[in-house]
>>> print(open('entry.cif').read())   # mmCIF, C-alpha atoms
data_structure
loop_
_atom_site.group_PDB
_atom_site.id
_atom_site.type_symbol
_atom_site.label_atom_id
_atom_site.label_comp_id
_atom_site.auth_asym_id
_atom_site.auth_seq_id
_atom_site.Cartn_x
_atom_site.Cartn_y
_atom_site.Cartn_z
ATOM 1 C CA MET A 30 24.761 -42.087 9.236
ATOM 2 C CA LEU A 31 22.716 -44.749 11.090
ATOM 3 C CA ASN A 32 25.394 -45.113 13.779
ATOM 4 C CA THR A 33 25.421 -41.342 14.278
ATOM 5 C CA LEU A 34 21.650 -41.316 14.700
ATOM 6 C CA ARG A 35 21.831 -44.171 17.199
ATOM 7 C CA ASN A 36 24.364 -42.255 19.257
ATOM 8 C CA LEU A 37 22.179 -39.165 19.182
ATOM 9 C CA PHE A 38 19.112 -41.176 20.158
ATOM 10 C CA ALA A 39 21.047 -42.576 23.104
ATOM 11 C CA PHE A 40 22.211 -39.117 24.142
ATOM 12 C CA LEU A 41 18.650 -37.831 24.073
ATOM 13 C CA ILE A 42 17.412 -40.645 26.297
ATOM 14 C CA LEU A 43 20.223 -40.010 28.764
ATOM 15 C CA THR A 44 19.584 -36.289 29.032
ATOM 16 C CA LEU A 45 15.831 -36.542 29.106
ATOM 17 C CA VAL A 46 15.105 -39.379 31.498
ATOM 18 C CA SER A 47 17.821 -38.435 33.953
ATOM 19 C CA SER A 48 16.322 -34.982 34.256
ATOM 20 C CA PHE A 49 12.831 -36.394 34.784
ATOM 21 C CA GLY A 50 13.792 -38.661 37.644
ATOM 22 C CA THR A 51 12.836 -36.148 40.335
ATOM 23 C CA CYS A 52 10.031 -34.269 38.547
ATOM 24 C CA ALA A 53 6.280 -34.322 38.961
ATOM 25 C CA ALA A 54 3.975 -34.323 35.960
ATOM 26 C CA ALA A 55 2.296 -31.125 37.170
ATOM 27 C CA GLN A 56 5.397 -29.247 36.033
ATOM 28 C CA PRO A 57 5.577 -28.499 32.276
ATOM 29 C CA ALA A 58 7.745 -30.983 30.398
ATOM 30 C CA ASP A 59 9.866 -28.312 28.727
ATOM 31 C CA GLN A 60 10.704 -26.836 32.115
ATOM 32 C CA PHE A 61 11.829 -30.263 33.291
ATOM 33 C CA VAL A 62 14.276 -30.581 30.436
ATOM 34 C CA ARG A 63 15.511 -27.002 30.705
ATOM 35 C CA GLU A 64 16.237 -27.172 34.449
ATOM 36 C CA TYR A 65 17.933 -30.542 34.677
ATOM 37 C CA THR A 66 19.732 -31.152 31.393
ATOM 38 C CA GLN A 67 22.602 -28.774 32.124
ATOM 39 C CA ASP A 68 23.172 -30.389 35.510
ATOM 40 C CA LEU A 69 23.382 -33.825 33.881
ATOM 41 C CA LEU A 70 25.806 -32.610 31.238
ATOM 42 C CA THR A 71 28.075 -31.238 33.945
ATOM 43 C CA THR A 72 27.881 -34.433 35.992
ATOM 44 C CA ILE A 73 28.799 -36.714 33.090
ATOM 45 C CA SER A 74 31.519 -34.421 31.773
ATOM 46 C CA VAL A 75 33.549 -34.872 34.978
ATOM 47 C CA ASN A 76 32.998 -38.640 35.275
ATOM 48 C CA LYS A 77 35.963 -40.221 33.509
ATOM 49 C CA GLN A 78 34.558 -43.749 33.658
ATOM 50 C CA LEU A 79 31.294 -42.731 31.993
ATOM 51 C CA LEU A 80 33.084 -40.620 29.400
ATOM 52 C CA ALA A 81 35.268 -43.620 28.576
ATOM 53 C CA GLY A 82 32.131 -45.699 27.983
ATOM 54 C CA ASP A 83 32.780 -48.100 30.877
ATOM 55 C CA PRO A 84 30.074 -50.780 30.296
ATOM 56 C CA LYS A 85 29.558 -51.379 34.020
ATOM 57 C CA LYS A 86 29.099 -47.683 34.780
ATOM 58 C CA VAL A 87 26.825 -47.235 31.777
ATOM 59 C CA ALA A 88 24.698 -50.213 32.883
ATOM 60 C CA GLU A 89 24.447 -48.731 36.380
ATOM 61 C CA LEU A 90 23.343 -45.418 34.903
ATOM 62 C CA VAL A 91 20.722 -47.148 32.766
ATOM 63 C CA ASP A 92 19.333 -49.145 35.704
ATOM 64 C CA SER A 93 19.220 -46.219 38.113
ATOM 65 C CA LYS A 94 18.279 -43.325 35.833
ATOM 66 C CA ILE A 95 16.749 -44.621 32.622
ATOM 67 C CA LEU A 96 14.660 -47.757 33.010
ATOM 68 C CA PRO A 97 12.539 -46.380 35.895
ATOM 69 C CA VAL A 98 11.328 -43.437 33.801
ATOM 70 C CA VAL A 99 11.045 -44.991 30.337
ATOM 71 C CA ASN A 100 7.949 -46.921 29.332
ATOM 72 C CA PHE A 101 10.330 -49.576 28.098
ATOM 73 C CA GLN A 102 7.728 -52.216 27.321
ATOM 74 C CA ARG A 103 5.631 -49.790 25.280
ATOM 75 C CA MET A 104 8.727 -48.704 23.373
ATOM 76 C CA THR A 105 9.740 -52.314 22.689
ATOM 77 C CA THR A 106 6.255 -53.390 21.603
ATOM 78 C CA ALA A 107 6.035 -50.361 19.308
ATOM 79 C CA VAL A 108 9.399 -51.254 17.758
ATOM 80 C CA LEU A 109 8.277 -54.852 17.125
ATOM 81 C CA GLY A 110 4.834 -53.788 15.863
ATOM 82 C CA ARG A 111 2.700 -56.654 14.534
ATOM 83 C CA HIS A 112 5.468 -59.140 15.281
ATOM 84 C CA TRP A 113 5.026 -58.545 19.022
ATOM 85 C CA ARG A 114 1.432 -59.780 18.864
ATOM 86 C CA VAL A 115 2.430 -63.167 17.462
ATOM 87 C CA ALA A 116 5.526 -63.687 19.636
ATOM 88 C CA THR A 117 5.383 -66.266 22.402
ATOM 89 C CA PRO A 118 5.746 -65.164 26.058
ATOM 90 C CA GLU A 119 9.300 -66.527 26.054
ATOM 91 C CA GLN A 120 10.170 -64.640 22.868
ATOM 92 C CA LYS A 121 8.703 -61.410 24.287
ATOM 93 C CA GLN A 122 10.862 -61.715 27.388
ATOM 94 C CA ARG A 123 13.979 -62.327 25.299
ATOM 95 C CA LEU A 124 13.146 -59.395 23.024
ATOM 96 C CA LEU A 125 12.779 -57.084 26.016
ATOM 97 C CA GLU A 126 16.122 -58.277 27.382
ATOM 98 C CA GLU A 127 18.010 -58.022 24.081
ATOM 99 C CA PHE A 128 16.571 -54.603 23.187
ATOM 100 C CA ARG A 129 17.656 -53.331 26.608
ATOM 101 C CA VAL A 130 21.184 -54.649 26.000
ATOM 102 C CA LEU A 131 21.189 -53.054 22.553
ATOM 103 C CA LEU A 132 20.370 -49.651 24.032
ATOM 104 C CA ILE A 133 23.033 -50.023 26.736
ATOM 105 C CA ARG A 134 25.610 -50.794 24.032
ATOM 106 C CA THR A 135 24.495 -47.711 22.160
ATOM 107 C CA TYR A 136 24.775 -45.514 25.258
ATOM 108 C CA SER A 137 28.396 -46.582 25.657
ATOM 109 C CA GLY A 138 29.221 -45.105 22.273
ATOM 110 C CA ALA A 139 27.254 -41.902 22.851
ATOM 111 C CA ILE A 140 28.360 -40.755 26.289
ATOM 112 C CA SER A 141 31.798 -39.586 25.167
ATOM 113 C CA GLN A 142 30.083 -36.976 22.971
ATOM 114 C CA ILE A 143 27.925 -35.455 25.685
ATOM 115 C CA LYS A 144 30.432 -33.026 27.148
ATOM 116 C CA ASP A 145 30.730 -31.215 23.805
ATOM 117 C CA LEU A 146 27.004 -30.691 23.215
ATOM 118 C CA GLN A 147 24.534 -28.024 24.273
ATOM 119 C CA ILE A 148 20.737 -28.118 24.152
ATOM 120 C CA GLU A 149 18.217 -25.338 23.681
ATOM 121 C CA VAL A 150 14.716 -26.376 24.758
ATOM 122 C CA LYS A 151 11.810 -24.736 22.946
ATOM 123 C CA PRO A 152 8.657 -23.511 24.748
ATOM 124 C CA LEU A 153 6.135 -26.324 25.073
ATOM 125 C CA ARG A 154 3.125 -26.050 22.777
ATOM 126 C CA ALA A 155 0.589 -28.146 24.673
ATOM 127 C CA ASN A 156 -2.266 -27.825 27.135
ATOM 128 C CA ALA A 157 -1.612 -28.408 30.836
ATOM 129 C CA GLN A 158 -4.002 -31.380 30.861
ATOM 130 C CA ASP A 159 -2.416 -33.139 27.871
ATOM 131 C CA ASN A 160 -1.178 -36.646 28.668
ATOM 132 C CA ASP A 161 0.904 -37.099 25.510
ATOM 133 C CA VAL A 162 3.260 -34.250 24.615
ATOM 134 C CA VAL A 163 6.199 -33.506 22.338
ATOM 135 C CA VAL A 164 9.042 -31.312 23.625
ATOM 136 C CA LYS A 165 11.070 -29.705 20.834
ATOM 137 C CA SER A 166 14.680 -28.634 21.183
ATOM 138 C CA VAL A 167 17.915 -28.132 19.267
ATOM 139 C CA ILE A 168 21.341 -29.772 19.765
ATOM 140 C CA PHE A 169 24.334 -27.515 19.181
ATOM 141 C CA ARG A 170 27.613 -29.273 18.345
ATOM 142 C CA PRO A 171 31.170 -27.879 18.244
ATOM 143 C CA LYS A 172 31.314 -28.913 14.587
ATOM 144 C CA GLY A 173 28.435 -29.236 12.156
ATOM 145 C CA GLU A 174 24.986 -27.769 11.855
ATOM 146 C CA PRO A 175 22.533 -27.743 14.789
ATOM 147 C CA ILE A 176 20.246 -30.777 14.940
ATOM 148 C CA ALA A 177 16.505 -30.537 15.611
ATOM 149 C CA LEU A 178 15.172 -33.095 18.087
ATOM 150 C CA ASP A 179 11.835 -33.967 19.688
ATOM 151 C CA TYR A 180 11.003 -35.877 22.858
ATOM 152 C CA ARG A 181 7.659 -37.696 23.014
ATOM 153 C CA LEU A 182 6.418 -38.182 26.575
ATOM 154 C CA GLU A 183 3.345 -39.659 28.214
ATOM 155 C CA ARG A 184 1.907 -38.742 31.606
ATOM 156 C CA SER A 185 2.043 -41.690 33.994
ATOM 157 C CA GLY A 186 0.531 -40.864 37.372
ATOM 158 C CA GLU A 187 2.654 -38.094 38.846
ATOM 159 C CA THR A 188 5.579 -38.566 36.472
ATOM 160 C CA TRP A 189 6.385 -38.454 32.774
ATOM 161 C CA LYS A 190 7.490 -41.510 30.808
ATOM 162 C CA VAL A 191 9.616 -41.457 27.646
ATOM 163 C CA ILE A 192 7.972 -43.308 24.763
ATOM 164 C CA ASP A 193 9.853 -42.084 21.675
ATOM 165 C CA LEU A 194 12.541 -39.703 20.419
ATOM 166 C CA ASN A 195 13.038 -37.903 17.119
ATOM 167 C CA VAL A 196 16.293 -36.666 15.572
ATOM 168 C CA ALA A 197 16.173 -34.591 12.383
ATOM 169 C CA GLY A 198 12.801 -36.076 11.415
ATOM 170 C CA LEU A 199 13.606 -39.704 12.269
ATOM 171 C CA TRP A 200 11.806 -41.334 15.206
ATOM 172 C CA LEU A 201 13.674 -43.934 17.275
ATOM 173 C CA VAL A 202 10.777 -46.399 17.288
ATOM 174 C CA GLU A 203 10.279 -46.198 13.526
ATOM 175 C CA THR A 204 14.009 -46.513 12.848
ATOM 176 C CA TYR A 205 14.366 -49.710 14.868
ATOM 177 C CA ARG A 206 11.011 -51.062 13.641
ATOM 178 C CA THR A 207 12.211 -50.942 10.045
ATOM 179 C CA GLN A 208 15.479 -52.640 10.957
ATOM 180 C CA PHE A 209 13.888 -55.342 13.130
ATOM 181 C CA SER A 210 11.042 -56.041 10.709
ATOM 182 C CA ALA A 211 13.478 -56.670 7.876
ATOM 183 C CA GLU A 212 15.441 -59.078 10.067
ATOM 184 C CA ILE A 213 12.305 -60.928 11.211
ATOM 185 C CA ASN A 214 11.064 -61.268 7.638
ATOM 186 C CA ARG A 215 14.435 -62.784 6.741
ATOM 187 C CA VAL A 216 15.118 -65.135 9.685
ATOM 188 C CA GLY A 217 12.068 -64.988 11.971
ATOM 189 C CA ILE A 218 11.678 -63.752 15.553
ATOM 190 C CA ASP A 219 14.091 -66.336 16.950
ATOM 191 C CA GLY A 220 16.586 -65.309 14.289
ATOM 192 C CA LEU A 221 16.342 -61.657 15.367
ATOM 193 C CA ILE A 222 16.862 -62.648 19.002
ATOM 194 C CA ALA A 223 19.889 -64.744 18.061
ATOM 195 C CA SER A 224 21.316 -61.899 15.962
ATOM 196 C CA LEU A 225 20.939 -59.358 18.773
ATOM 197 C CA SER A 226 22.461 -61.791 21.257
ATOM 198 C CA GLU A 227 25.435 -62.510 19.005
ATOM 199 C CA LYS A 228 26.089 -58.798 18.473
ATOM 200 C CA SER A 229 26.081 -58.336 22.253
ATOM 201 C CA LYS A 230 28.643 -61.102 22.700
ATOM 202 C CA VAL A 231 30.884 -59.619 20.004
ATOM 203 C CA ALA A 232 30.587 -56.174 21.613
ATOM 204 C CA ASP A 233 31.505 -57.613 25.027
ATOM 205 C CA LYS A 234 34.596 -59.332 23.623
ATOM 206 C CA THR A 235 35.657 -56.143 21.851
ATOM 207 C CA ALA A 236 35.245 -54.141 25.054
ATOM 208 C CA LYS A 237 37.505 -56.562 26.911
#
>>> encode(input="entry.cif", output="structure tokens")
Amino acid sequence: MLNTLRNLFAFLILTLVSSFGTCAAAQPADQFVREYTQDLLTTISVNKQLLAGDPKKVAELVDSKILPVVNFQRMTTAVLGRHWRVATPEQKQRLLEEFRVLLIRTYSGAISQIKDLQIEVKPLRANAQDNDVVVKSVIFRPKGEPIALDYRLERSGETWKVIDLNVAGLWLVETYRTQFSAEINRVGIDGLIASLSEKSKVADKTAK
């Protein structure tokens, strides 16, 4: 179940932030998603390398489409919670790096599912001047029940930034916070970093 949620979280980030790359914050967030998501789905569905989960292509997609429009540091600090405040500067840098790698690994497993999904974006229930909004939508799959999902966005100048995602009542930040906190309580911050790094190495070897 957790792996399925991770894949869905990754899919949501891909669809959302790629569609926001060329949008101004003056435009309603739900309109952003509605206009650009279908174009992204079409683009990925015809890219064989992305559909195959090619790590290099996925990394390029993350660097060009995702990181520029995600408040990645805010997301990482929220995931680490109180542990972020006591981490050293070196540990914070490593945590940012390893969490980024973790998400890239997750994207690789999610992209192959994108061509078979459809999204219905719900009308935005927010005021035009709101700087923190939640866009609600529904994922329709070829098999299985539809899945409710929310995007949490913050206004950043003339753009929107992704700060959290929710699938079927589970928020991405909270899900990883629980997992990371348990690991830190068991082996410490350096232990979490080492664990994430080792998983990355194993994933790289498997991919080869």
>>> atom_distance(input="entry.cif", atom1="CA of Ser226 in chain A", atom2="CA of Trp200 in chain A")
23.8 Å
>>> atom_distance(input="entry.cif", atom1="CA of Pro84 in chain A", atom2="CA of Arg134 in chain A")
7.7 Å
>>> resolve_selection(input="entry.cif", expression="the PyMOL selection byres ((chain A and resi 204) around 12)", output="PDB file with C-alpha atoms, keeping the file's coordinate frame")
ATOM      1  CA  LEU A  31      22.716 -44.749  11.090  1.00  0.00           C
ATOM      2  CA  ASN A  32      25.394 -45.113  13.779  1.00  0.00           C
ATOM      3  CA  LEU A  34      21.650 -41.316  14.700  1.00  0.00           C
ATOM      4  CA  ARG A  35      21.831 -44.171  17.199  1.00  0.00           C
ATOM      5  CA  PHE A  38      19.112 -41.176  20.158  1.00  0.00           C
ATOM      6  CA  MET A 104       8.727 -48.704  23.373  1.00  0.00           C
ATOM      7  CA  ALA A 107       6.035 -50.361  19.308  1.00  0.00           C
ATOM      8  CA  VAL A 108       9.399 -51.254  17.758  1.00  0.00           C
ATOM      9  CA  LEU A 109       8.277 -54.852  17.125  1.00  0.00           C
ATOM     10  CA  ASP A 193       9.853 -42.084  21.675  1.00  0.00           C
ATOM     11  CA  LEU A 194      12.541 -39.703  20.419  1.00  0.00           C
ATOM     12  CA  ASN A 195      13.038 -37.903  17.119  1.00  0.00           C
ATOM     13  CA  VAL A 196      16.293 -36.666  15.572  1.00  0.00           C
ATOM     14  CA  GLY A 198      12.801 -36.076  11.415  1.00  0.00           C
ATOM     15  CA  LEU A 199      13.606 -39.704  12.269  1.00  0.00           C
ATOM     16  CA  TRP A 200      11.806 -41.334  15.206  1.00  0.00           C
ATOM     17  CA  LEU A 201      13.674 -43.934  17.275  1.00  0.00           C
ATOM     18  CA  VAL A 202      10.777 -46.399  17.288  1.00  0.00           C
ATOM     19  CA  GLU A 203      10.279 -46.198  13.526  1.00  0.00           C
ATOM     20  CA  TYR A 205      14.366 -49.710  14.868  1.00  0.00           C
ATOM     21  CA  ARG A 206      11.011 -51.062  13.641  1.00  0.00           C
ATOM     22  CA  THR A 207      12.211 -50.942  10.045  1.00  0.00           C
ATOM     23  CA  GLN A 208      15.479 -52.640  10.957  1.00  0.00           C
ATOM     24  CA  PHE A 209      13.888 -55.342  13.130  1.00  0.00           C
ATOM     25  CA  SER A 210      11.042 -56.041  10.709  1.00  0.00           C
ATOM     26  CA  ALA A 211      13.478 -56.670   7.876  1.00  0.00           C
TER      27      ALA A 211
END
>>> atom_distance(input="entry.cif", atom1="CA of Asn160 in chain A", atom2="CA of Ile192 in chain A")
12.0 Å
>>> resolve_selection(input="entry.cif", expression="the PyMOL selection byres ((chain A and resi 162) around 9)", output="number ranges by chain")
A: 58, 153-156, 159-161, 163-164, 180-184
>>> decode(input="entry.cif", residues="range 154-167 of chain A", atoms="all heavy atoms", output="JSON list (two decimals), in the first residue's frame")
[["chain", "number", "residue", "atom", "x", "y", "z"],
["A", 154, "ARG", "N", -12.05, 26.38, -4.42],
["A", 154, "ARG", "CA", -12.81, 27.08, -3.38],
["A", 154, "ARG", "C", -11.83, 27.92, -2.56],
["A", 154, "ARG", "O", -11.35, 27.49, -1.51],
["A", 154, "ARG", "CB", -13.54, 26.07, -2.49],
["A", 154, "ARG", "CG", -14.60, 25.26, -3.22],
["A", 154, "ARG", "CD", -15.34, 24.33, -2.29],
["A", 154, "ARG", "NE", -16.37, 23.58, -2.99],
["A", 154, "ARG", "CZ", -17.59, 24.02, -3.25],
["A", 154, "ARG", "NH1", -17.94, 25.23, -2.84],
["A", 154, "ARG", "NH2", -18.47, 23.27, -3.89],
["A", 155, "ALA", "N", -11.52, 29.10, -3.08],
["A", 155, "ALA", "CA", -10.57, 29.99, -2.42],
["A", 155, "ALA", "C", -10.78, 31.40, -2.95],
["A", 155, "ALA", "O", -11.36, 31.60, -4.02],
["A", 155, "ALA", "CB", -9.13, 29.53, -2.66],
["A", 156, "ASN", "N", -10.31, 32.38, -2.19],
["A", 156, "ASN", "CA", -10.37, 33.76, -2.63],
["A", 156, "ASN", "C", -9.19, 34.08, -3.53],
["A", 156, "ASN", "O", -8.11, 33.48, -3.40],
["A", 156, "ASN", "CB", -10.37, 34.70, -1.42],
["A", 156, "ASN", "CG", -11.59, 34.52, -0.54],
["A", 156, "ASN", "OD1", -12.71, 34.36, -1.05],
["A", 156, "ASN", "ND2", -11.38, 34.52, 0.77],
["A", 157, "ALA", "N", -9.38, 35.03, -4.44],
["A", 157, "ALA", "CA", -8.32, 35.36, -5.41],
["A", 157, "ALA", "C", -7.05, 35.83, -4.73],
["A", 157, "ALA", "O", -5.95, 35.64, -5.27],
["A", 157, "ALA", "CB", -8.84, 36.44, -6.37],
["A", 158, "GLN", "N", -7.15, 36.43, -3.54],
["A", 158, "GLN", "CA", -5.98, 36.96, -2.86],
["A", 158, "GLN", "C", -5.30, 35.94, -1.94],
["A", 158, "GLN", "O", -4.25, 36.23, -1.36],
["A", 158, "GLN", "CB", -6.35, 38.20, -2.04],
["A", 158, "GLN", "CG", -7.26, 37.93, -0.84],
["A", 158, "GLN", "CD", -8.72, 37.96, -1.20],
["A", 158, "GLN", "OE1", -9.08, 37.83, -2.38],
["A", 158, "GLN", "NE2", -9.58, 38.15, -0.21],
["A", 159, "ASP", "N", -5.86, 34.73, -1.83],
["A", 159, "ASP", "CA", -5.27, 33.72, -0.96],
["A", 159, "ASP", "C", -3.88, 33.32, -1.45],
["A", 159, "ASP", "O", -3.67, 33.12, -2.64],
["A", 159, "ASP", "CB", -6.16, 32.48, -0.90],
["A", 159, "ASP", "CG", -7.42, 32.72, -0.07],
["A", 159, "ASP", "OD1", -7.49, 33.76, 0.62],
["A", 159, "ASP", "OD2", -8.33, 31.87, -0.12],
["A", 160, "ASN", "N", -2.95, 33.20, -0.52],
["A", 160, "ASN", "CA", -1.58, 32.82, -0.86],
["A", 160, "ASN", "C", -1.28, 31.34, -0.60],
["A", 160, "ASN", "O", -0.21, 30.85, -0.95],
["A", 160, "ASN", "CB", -0.59, 33.67, -0.06],
["A", 160, "ASN", "CG", -0.66, 35.13, -0.44],
["A", 160, "ASN", "OD1", -0.78, 35.46, -1.62],
["A", 160, "ASN", "ND2", -0.61, 36.01, 0.55],
["A", 161, "ASP", "N", -2.20, 30.66, 0.04],
["A", 161, "ASP", "CA", -2.04, 29.23, 0.35],
["A", 161, "ASP", "C", -3.36, 28.56, 0.01],
["A", 161, "ASP", "O", -4.39, 28.82, 0.64],
["A", 161, "ASP", "CB", -1.72, 29.06, 1.84],
["A", 161, "ASP", "CG", -1.32, 27.63, 2.20],
["A", 161, "ASP", "OD1", -1.94, 26.68, 1.67],
["A", 161, "ASP", "OD2", -0.40, 27.45, 3.01],
["A", 162, "VAL", "N", -3.36, 27.72, -1.04],
["A", 162, "VAL", "CA", -4.62, 27.14, -1.51],
["A", 162, "VAL", "C", -4.49, 25.63, -1.67],
["A", 162, "VAL", "O", -3.39, 25.09, -1.79],
["A", 162, "VAL", "CB", -5.05, 27.75, -2.87],
["A", 162, "VAL", "CG1", -5.21, 29.25, -2.74],
["A", 162, "VAL", "CG2", -4.05, 27.41, -3.97],
["A", 163, "VAL", "N", -5.64, 24.97, -1.66],
["A", 163, "VAL", "CA", -5.71, 23.53, -1.90],
["A", 163, "VAL", "C", -6.59, 23.29, -3.12],
["A", 163, "VAL", "O", -7.75, 23.72, -3.14],
["A", 163, "VAL", "CB", -6.27, 22.77, -0.69],
["A", 163, "VAL", "CG1", -6.46, 21.30, -1.03],
["A", 163, "VAL", "CG2", -5.32, 22.91, 0.51],
["A", 164, "VAL", "N", -6.03, 22.64, -4.14],
["A", 164, "VAL", "CA", -6.77, 22.27, -5.34],
["A", 164, "VAL", "C", -7.18, 20.81, -5.21],
["A", 164, "VAL", "O", -6.34, 19.94, -5.04],
["A", 164, "VAL", "CB", -5.92, 22.47, -6.61],
["A", 164, "VAL", "CG1", -6.69, 22.00, -7.84],
["A", 164, "VAL", "CG2", -5.52, 23.92, -6.76],
["A", 165, "LYS", "N", -8.47, 20.54, -5.31],
["A", 165, "LYS", "CA", -8.99, 19.18, -5.17],
["A", 165, "LYS", "C", -9.26, 18.58, -6.55],
["A", 165, "LYS", "O", -9.69, 19.28, -7.47],
["A", 165, "LYS", "CB", -10.27, 19.18, -4.34],
["A", 165, "LYS", "CG", -10.07, 19.59, -2.89],
["A", 165, "LYS", "CD", -11.38, 19.53, -2.12],
["A", 165, "LYS", "CE", -11.16, 19.89, -0.67],
["A", 165, "LYS", "NZ", -10.36, 18.89, 0.05],
["A", 166, "SER", "N", -9.00, 17.30, -6.68],
["A", 166, "SER", "CA", -9.27, 16.62, -7.95],
["A", 166, "SER", "C", -9.46, 15.13, -7.69],
["A", 166, "SER", "O", -9.37, 14.66, -6.56],
["A", 166, "SER", "CB", -8.14, 16.86, -8.95],
["A", 166, "SER", "OG", -6.92, 16.34, -8.47],
["A", 167, "VAL", "N", -9.72, 14.40, -8.76],
["A", 167, "VAL", "CA", -9.96, 12.96, -8.67],
["A", 167, "VAL", "C", -9.15, 12.27, -9.76],
["A", 167, "VAL", "O", -9.14, 12.71, -10.91],
["A", 167, "VAL", "CB", -11.45, 12.61, -8.83],
["A", 167, "VAL", "CG1", -11.66, 11.09, -8.74],
["A", 167, "VAL", "CG2", -12.29, 13.31, -7.77]]
